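I have placed the structure first, in the form of structure tokens, so that the comments after it can refer back to it.
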Amino acid sequence: MPHHWIPNSSPEVKNEMLKALGIKDVMELFNDIPDELILKRNLDVGFGRLTEYEAKRKFLEIAGRSKVFTDPPPFIGGGVCAHYVPSVIKAILSRSEFYSAYTPYQPEIAQGLLQAFFEYQSLMAELYGVDIVNASMYNGSTAAAEAVRMALRVKRGRSKVLIAASAHPEVKEVIRTWLLGTSASIFEVPYNEGDGEVDLERLKELMSNDVAALYIENPNFFGVVETHLKSAIEIAHDNGSLAIVNANPISLGIFEAPGKLGADIVVGDAQPLGLGMNYGGPSAGIFGIMDRKELVRQLPGRLIGATKTVKGDEIGYMMILQTREQHIRRERATSNITTNSGLEAIAAAAYVSLLGSEGLRRLGEAILGRTYYTLERLPSIAGISPLFTSATYFREIPIATPAAGDEIVKSLLKEGIHIGPPLGMFFNRYRNSCLICVTELHTKKDIDRLISSLQEVVNGA
Amino acid sequence: MVPKSFRQAVWDEPLIFELSSNAKKTFEIDEEFKDYAADAMRKLPVEALRKEAPAIPNISEPEVVRHYTRLSQMAYGVDQGPVPLGSCTMKYNPKIDEELATLPYITDLHPYQDEDTVQGILEIIYLMQKWLAEITGTYICSLQPPAGAAGELTGALIIRKYLKEKGLSDKDEMIVPESAHGTNPASAVMAGFKVVKVPADSEGNTDLESLKSVVGERTAGIMLTNPSTLGLFESRILEISDLIHGVGGLLYYDGANLNGILGIARPGDMGFDITHLNLHKTFAAPHGGGGPGAGATCVKKELADYLPVPIVDYDGRKYRLRYNLPKTIGRMTWFYGNIVPMVKSFIYLMMLGPSLREVAEISVLNTNYLMRKLTSLKGVSLVYGEGRWRKHEVVISFDRLHKDTGVSAEDVAKALLDRGFHAPTIYFPLIVPEAHMIELTETETRENIDAIANAYEEIVRQAYEDPAKVKDTPRNTSIGRLDALVGNHPKTVTPSYKYMSRLRTG
């Protein structure tokens, strides 16, 4: 049956085209498929063929069974938090010259796209204090996994990776999965019970000459700022290991850039930079390195560079150093990645352009300020305290609760307030704990409401 | 009347860094909690605080919007014209998908929301797990892979884990045809396999004799795409399946080329144990200028326990995230995959439903209609599978033209740009010299296919009459032909704004 997305399905056109090929039935084009493989029925997919208005209604019926939290915005942390997505970003992303384009394999007709990617790379390099950032990975978790894989190639012969135990539990799992095809082994570096930061003494002890890299997050999964990150990086370097730092880009307006602290590879997840929460994806994975030959050679993913025209009279942009990539190098490629997160990278670039260095600093302060306002209000609730009493927090705070974390989450939900995730999801020892997250979206009134509702829930527990 | 020729926008748009001028007002952020921030920062060690602001320009909102709008006008997507890149399935992206998938019901959901508050999105994932299994002839699909290559790695890791559980870890060879997408060998190696290559026969099929000679005790599996990158259906797929299964190996299906057989034949029925899909190709989610895409990895029942976690379960009342798959390989990404493009594909499938086979029929009709027109051109040949119908794509060779005139496949591609068409994939697959790999999807009109054929005809004629003119293309795009040597040379390589002086002085 003809469909309005398929112009040549109208019978007149179709018949004329068949005639041009000298055949009567379109199925003759499939005569090289053995008959036993030809499906003799329609696929059982969907709800029957739907018009656009029927589809829209059906979609809204299904999608509407989810609840969107706006008043107050969710206080849920765990790598993704509710941040504001400026209207400008939505407008730019709705340009179909961008979103309906393919990878810019023909640079002369894709200069705008390439320039946008080049700017993304340059802006992120500035933010993270590194020399080179690629054109993006899928998200922060796969960027972390690729960084660890890269470190193992750079430090060939070394087969251990140290991962801060305070890293996001799902990121740890992603790294483990992406290493299944290697002989590498992973060891966790514990954190201090008091301040939640990486235990530098234990880190020193765990270092040995077969450690390829240290992977550490800042702020870590618990929202704890690693104030001694520089020392941790130095310990890795003293051992001849690489330091991989996964930093939250929204914190870098106020906290030191990981590249400036000595990190060899930096990664991050771009969700806070004007991307939606999207139920976890898509986002963009930021991946940057220092400009050293052994690192550049092993860099995964696409890289955009500036160049000249053949005539030499103009500067333009194209994909460069592609001999690292799968479509050229095949089984010897640095990664299998091809599709990345181009559109989300443009969103992140547009977002930091909109805020500027000034806006990024203010935003960092706005979030840090809310974190400390929340911390100040927490002691008013009997039975609730931050998990690490002497930590510096940014955006996320783990709270110890008098009842199981998931029960507290459920009780608060009845008040229309959503905190989470309960830490029992990932750590048996933290069953009575839960994360909360505050961002620029939360007003003083929202935070006060959270505190008073928590109070009521705890009193009732 | 002389027809007007294509002209792409040319904005002399500076880099965003060069837009920064006098003090500008950037996006407003409240300062209500400034004192709290200042207090906190005072207590931090100096080394933890940023000392030097990043060199990110401070510009106003209208300037940002104008900058990106101008850049967008120097890009080219499916909404402007055909993008016949082979193996990329660049079909029209329905606008209803864009509208609905970007509603707050999707974009404003937090991945750790309580399950009771995300029943809508879980139902969509659940239905996609089922629908894509029906389409591929498998049992269940994981929507976790964020793109096609990640879907391949998922599949390769499942094979690895499966063989390990069976005590067959010495099976360490993955067979990959020479014409395969580069992601196949790359994914196989990432999963720890050695790659064994097999050539194609003159018909464009996998050479069965060569295949038989490499299949053995150490064969873990084979990664195939069917139809192949030559656009040809692997007619003896059942024999290949028996051969691989006969030595205890598994068959992996690269779904990049599924569009040509959608609803007509299914990988699962051909004997494939694992299939990956690119939702941003076959199911109309946009490619975003390079991503984000969305992948799926679909498996037969006996491999279901190996899928990445979580998957979505339904008990007849509620949808739940299930983490306890006993043999899971783990996680390919945090959270649940690329939800927004997945939702776009959901809406696409919802509207087409049982009419999906029309997609394959017309895309294949379009391909063969174009092939008929192109193969009559002087200097053009088909290298493999002469006389066979193509499926989703066709690969033509300009080897003769190149030898006759010096005009290369790349020159022809650039001349196409000048006529307002995106070029096809060039120099791939590697087994075809001076290749153009052309994929016209079902959403292209006959008028456009005729226009592309006419453009090719004109370019070929020009190549024989005045080759220098073809080599001096493109001229109608925003910029003339770029120099890859300068772009890649160690002295002039410029991967970031801060290295621009290398080009300006060089």
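Ordered as shown in the structure tokens, chains take letters A, B, and onward, while each chain numbers its residues from 1 and ligands are numbered from 1 in the order shown.
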As a ChimeraX atom specification, which residues of segment 220-446 of chain B does DSSP assign to strand (DSSP E)?
-> /B:220-224,250-254,274-278,295-299,311-314,319-322,393-397,425-426,435-439
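Relative to atom CA of Arg372 of chain B, atom CA of Leu352 of chain B is found at 29.0 Å.
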Test item: residues at most 12 Å from segment 190-197 of chain A, only C-alpha atoms, excluding those fewer than 5 positions along its chain, as an NGL selection string | :A and (162-167 or 202-206 or 216-229 or 231-232 or 386-393 or 397-398)
With a cut-off of 7 Å, could you pull out the residues of segment 276-385 of chain A touching segment 137-149 of chain B and give me the nearest pair of atoms for each, distance in Å to one decimal, using only C-alpha atoms, ordered by chain and ascending number, as a tab-separated table?
residue	atom	partner	partner_atom	distance
A:Asn336	CA	B:Ala149	CA	6.0
A:Ile337	CA	B:Ala149	CA	5.9
A:Thr338	CA	B:Ala149	CA	6.9
A:Thr339	CA	B:Ala147	CA	6.5
Compile the contact shell of segment 63-67 of chain B as a PyMOL selection string: residues with an atom at most 8 Å away, counting only C-alpha atoms, same-chain residues fewer than 5 positions apart removed.
-> (chain A and resi 88+92+350+353-354) or (chain B and resi 13+16)
For the residues selected in the previous step, produce a file with all heavy atoms as a PDB file, in the first residue's frame.
ATOM      1  N   VAL A  88      17.582  28.586  23.176  1.00  0.00           N
ATOM      2  CA  VAL A  88      18.525  28.749  22.066  1.00  0.00           C
ATOM      3  C   VAL A  88      19.052  27.380  21.597  1.00  0.00           C
ATOM      4  O   VAL A  88      19.178  27.130  20.397  1.00  0.00           O
ATOM      5  CB  VAL A  88      19.724  29.629  22.513  1.00  0.00           C
ATOM      6  CG1 VAL A  88      20.866  29.543  21.514  1.00  0.00           C
ATOM      7  CG2 VAL A  88      19.272  31.064  22.685  1.00  0.00           C
ATOM      8  N   ILE A  92      18.686  25.800  17.850  1.00  0.00           N
ATOM      9  CA  ILE A  92      19.842  25.449  17.004  1.00  0.00           C
ATOM     10  C   ILE A  92      19.769  23.978  16.593  1.00  0.00           C
ATOM     11  O   ILE A  92      20.015  23.622  15.442  1.00  0.00           O
ATOM     12  CB  ILE A  92      21.168  25.776  17.733  1.00  0.00           C
ATOM     13  CG1 ILE A  92      21.334  27.302  17.839  1.00  0.00           C
ATOM     14  CG2 ILE A  92      22.365  25.156  17.007  1.00  0.00           C
ATOM     15  CD1 ILE A  92      22.461  27.761  18.736  1.00  0.00           C
ATOM     16  N   ALA A 350      27.279  25.122  21.620  1.00  0.00           N
ATOM     17  CA  ALA A 350      26.406  26.299  21.612  1.00  0.00           C
ATOM     18  C   ALA A 350      26.131  26.745  23.049  1.00  0.00           C
ATOM     19  O   ALA A 350      26.068  27.938  23.348  1.00  0.00           O
ATOM     20  CB  ALA A 350      25.095  25.977  20.884  1.00  0.00           C
ATOM     21  N   SER A 353      29.082  28.500  24.468  1.00  0.00           N
ATOM     22  CA  SER A 353      29.182  29.799  23.779  1.00  0.00           C
ATOM     23  C   SER A 353      28.181  30.782  24.356  1.00  0.00           C
ATOM     24  O   SER A 353      28.450  31.967  24.492  1.00  0.00           O
ATOM     25  CB  SER A 353      28.906  29.641  22.280  1.00  0.00           C
ATOM     26  OG  SER A 353      29.738  28.677  21.711  1.00  0.00           O
ATOM     27  N   LEU A 354      26.998  30.280  24.672  1.00  0.00           N
ATOM     28  CA  LEU A 354      25.932  31.132  25.203  1.00  0.00           C
ATOM     29  C   LEU A 354      26.294  31.639  26.596  1.00  0.00           C
ATOM     30  O   LEU A 354      26.018  32.784  26.935  1.00  0.00           O
ATOM     31  CB  LEU A 354      24.634  30.311  25.256  1.00  0.00           C
ATOM     32  CG  LEU A 354      23.346  31.033  25.607  1.00  0.00           C
ATOM     33  CD1 LEU A 354      22.995  32.039  24.509  1.00  0.00           C
ATOM     34  CD2 LEU A 354      22.208  30.034  25.781  1.00  0.00           C
TER      35      LEU A 354
ATOM     36  N   GLU B  13      32.105  33.303   7.972  1.00  0.00           N
ATOM     37  CA  GLU B  13      31.773  33.288   9.397  1.00  0.00           C
ATOM     38  C   GLU B  13      33.016  33.000  10.233  1.00  0.00           C
ATOM     39  O   GLU B  13      33.627  31.944  10.101  1.00  0.00           O
ATOM     40  CB  GLU B  13      30.694  32.231   9.654  1.00  0.00           C
ATOM     41  CG  GLU B  13      30.159  32.189  11.077  1.00  0.00           C
ATOM     42  CD  GLU B  13      29.480  33.485  11.520  1.00  0.00           C
ATOM     43  OE1 GLU B  13      29.147  34.323  10.657  1.00  0.00           O
ATOM     44  OE2 GLU B  13      29.329  33.664  12.728  1.00  0.00           O
ATOM     45  N   ILE B  16      34.046  31.015  16.545  1.00  0.00           N
ATOM     46  CA  ILE B  16      33.345  31.602  17.694  1.00  0.00           C
ATOM     47  C   ILE B  16      34.320  32.381  18.591  1.00  0.00           C
ATOM     48  O   ILE B  16      33.967  33.397  19.179  1.00  0.00           O
ATOM     49  CB  ILE B  16      32.593  30.513  18.496  1.00  0.00           C
ATOM     50  CG1 ILE B  16      31.585  31.142  19.445  1.00  0.00           C
ATOM     51  CG2 ILE B  16      33.532  29.592  19.242  1.00  0.00           C
ATOM     52  CD1 ILE B  16      30.175  30.934  19.057  1.00  0.00           C
TER      53      ILE B  16
END
Apply DSSP to the backbone of this structure and, from segment 80-169 of chain B, keep only the residues in helix (DSSP H, G or I); write these as number ranges by chain.
-> B: 95-101, 104-107, 115-117, 119-136, 148-165
Polymer residues at most 9 Å from Gly416 of chain A, only C-alpha atoms, same-chain spacing of 6 or more positions, as an NGL selection string = :A and (69 or 71-72)
Please produce a file of the residues just selected, as a JSON list (two decimals), in the first residue's frame, where the atoms kept are N, CA, C and O atoms.
[["chain", "number", "residue", "atom", "x", "y", "z"],
["A", 69, "PHE", "N", 8.65, 15.50, 36.45],
["A", 69, "PHE", "CA", 8.71, 16.31, 37.67],
["A", 69, "PHE", "C", 9.19, 17.73, 37.34],
["A", 69, "PHE", "O", 10.30, 17.90, 36.83],
["A", 71, "ASP", "N", 7.74, 20.65, 39.45],
["A", 71, "ASP", "CA", 7.52, 21.52, 40.60],
["A", 71, "ASP", "C", 7.48, 20.71, 41.88],
["A", 71, "ASP", "O", 6.42, 20.26, 42.28],
["A", 72, "PRO", "N", 8.60, 20.50, 42.52],
["A", 72, "PRO", "CA", 9.94, 20.97, 42.13],
["A", 72, "PRO", "C", 10.58, 20.03, 41.12],
["A", 72, "PRO", "O", 10.17, 18.88, 41.00]]
Long-range neighbours of Pro34 of chain A as a PDB file with C-alpha atoms, in the first residue's frame, 12 Å cut-off, only C-alpha atoms, 2 positions minimum in chain:
ATOM      1  CA  PHE A  30      14.191 -10.458  -4.893  1.00  0.00           C
ATOM      2  CA  ASN A  31      14.407 -13.616  -6.996  1.00  0.00           C
ATOM      3  CA  ASP A  32      17.906 -14.377  -5.708  1.00  0.00           C
ATOM      4  CA  GLU A  36      12.168 -20.694   1.915  1.00  0.00           C
ATOM      5  CA  LEU A  37      13.623 -17.434   3.299  1.00  0.00           C
ATOM      6  CA  ILE A  38      10.905 -15.183   1.910  1.00  0.00           C
ATOM      7  CA  LEU A  39       8.535 -14.088   4.658  1.00  0.00           C
TER       8      LEU A  39
ATOM      9  CA  PHE B 233      22.040 -10.953  -1.507  1.00  0.00           C
ATOM     10  CA  GLU B 234      24.164 -13.836  -0.232  1.00  0.00           C
ATOM     11  CA  SER B 235      22.063 -16.566  -1.858  1.00  0.00           C
ATOM     12  CA  ARG B 236      23.931 -19.470  -0.246  1.00  0.00           C
ATOM     13  CA  ILE B 237      23.517 -18.118   3.241  1.00  0.00           C
ATOM     14  CA  LEU B 238      21.942 -21.342   4.508  1.00  0.00           C
ATOM     15  CA  GLU B 239      25.038 -23.303   3.449  1.00  0.00           C
ATOM     16  CA  ILE B 264      10.865  -9.695   3.039  1.00  0.00           C
ATOM     17  CA  ALA B 265      13.547 -11.869   4.641  1.00  0.00           C
ATOM     18  CA  ARG B 266      14.810 -12.019   8.211  1.00  0.00           C
ATOM     19  CA  ASP B 269      15.465 -17.224   9.476  1.00  0.00           C
ATOM     20  CA  MET B 270      18.770 -17.273   7.574  1.00  0.00           C
TER      21      MET B 270
END
Give me the residues within 10 Å of Glu358 of chain B as a list in words, counting only C-alpha atoms and dropping any in the same chain fewer than 6 places off.
-> Met1, Pro2, His3, Ile6, Asn8 and Ser9 of chain A; Ile261, Leu262, Gly263, Ile264, Leu352, Val364 and Glu442 of chain B
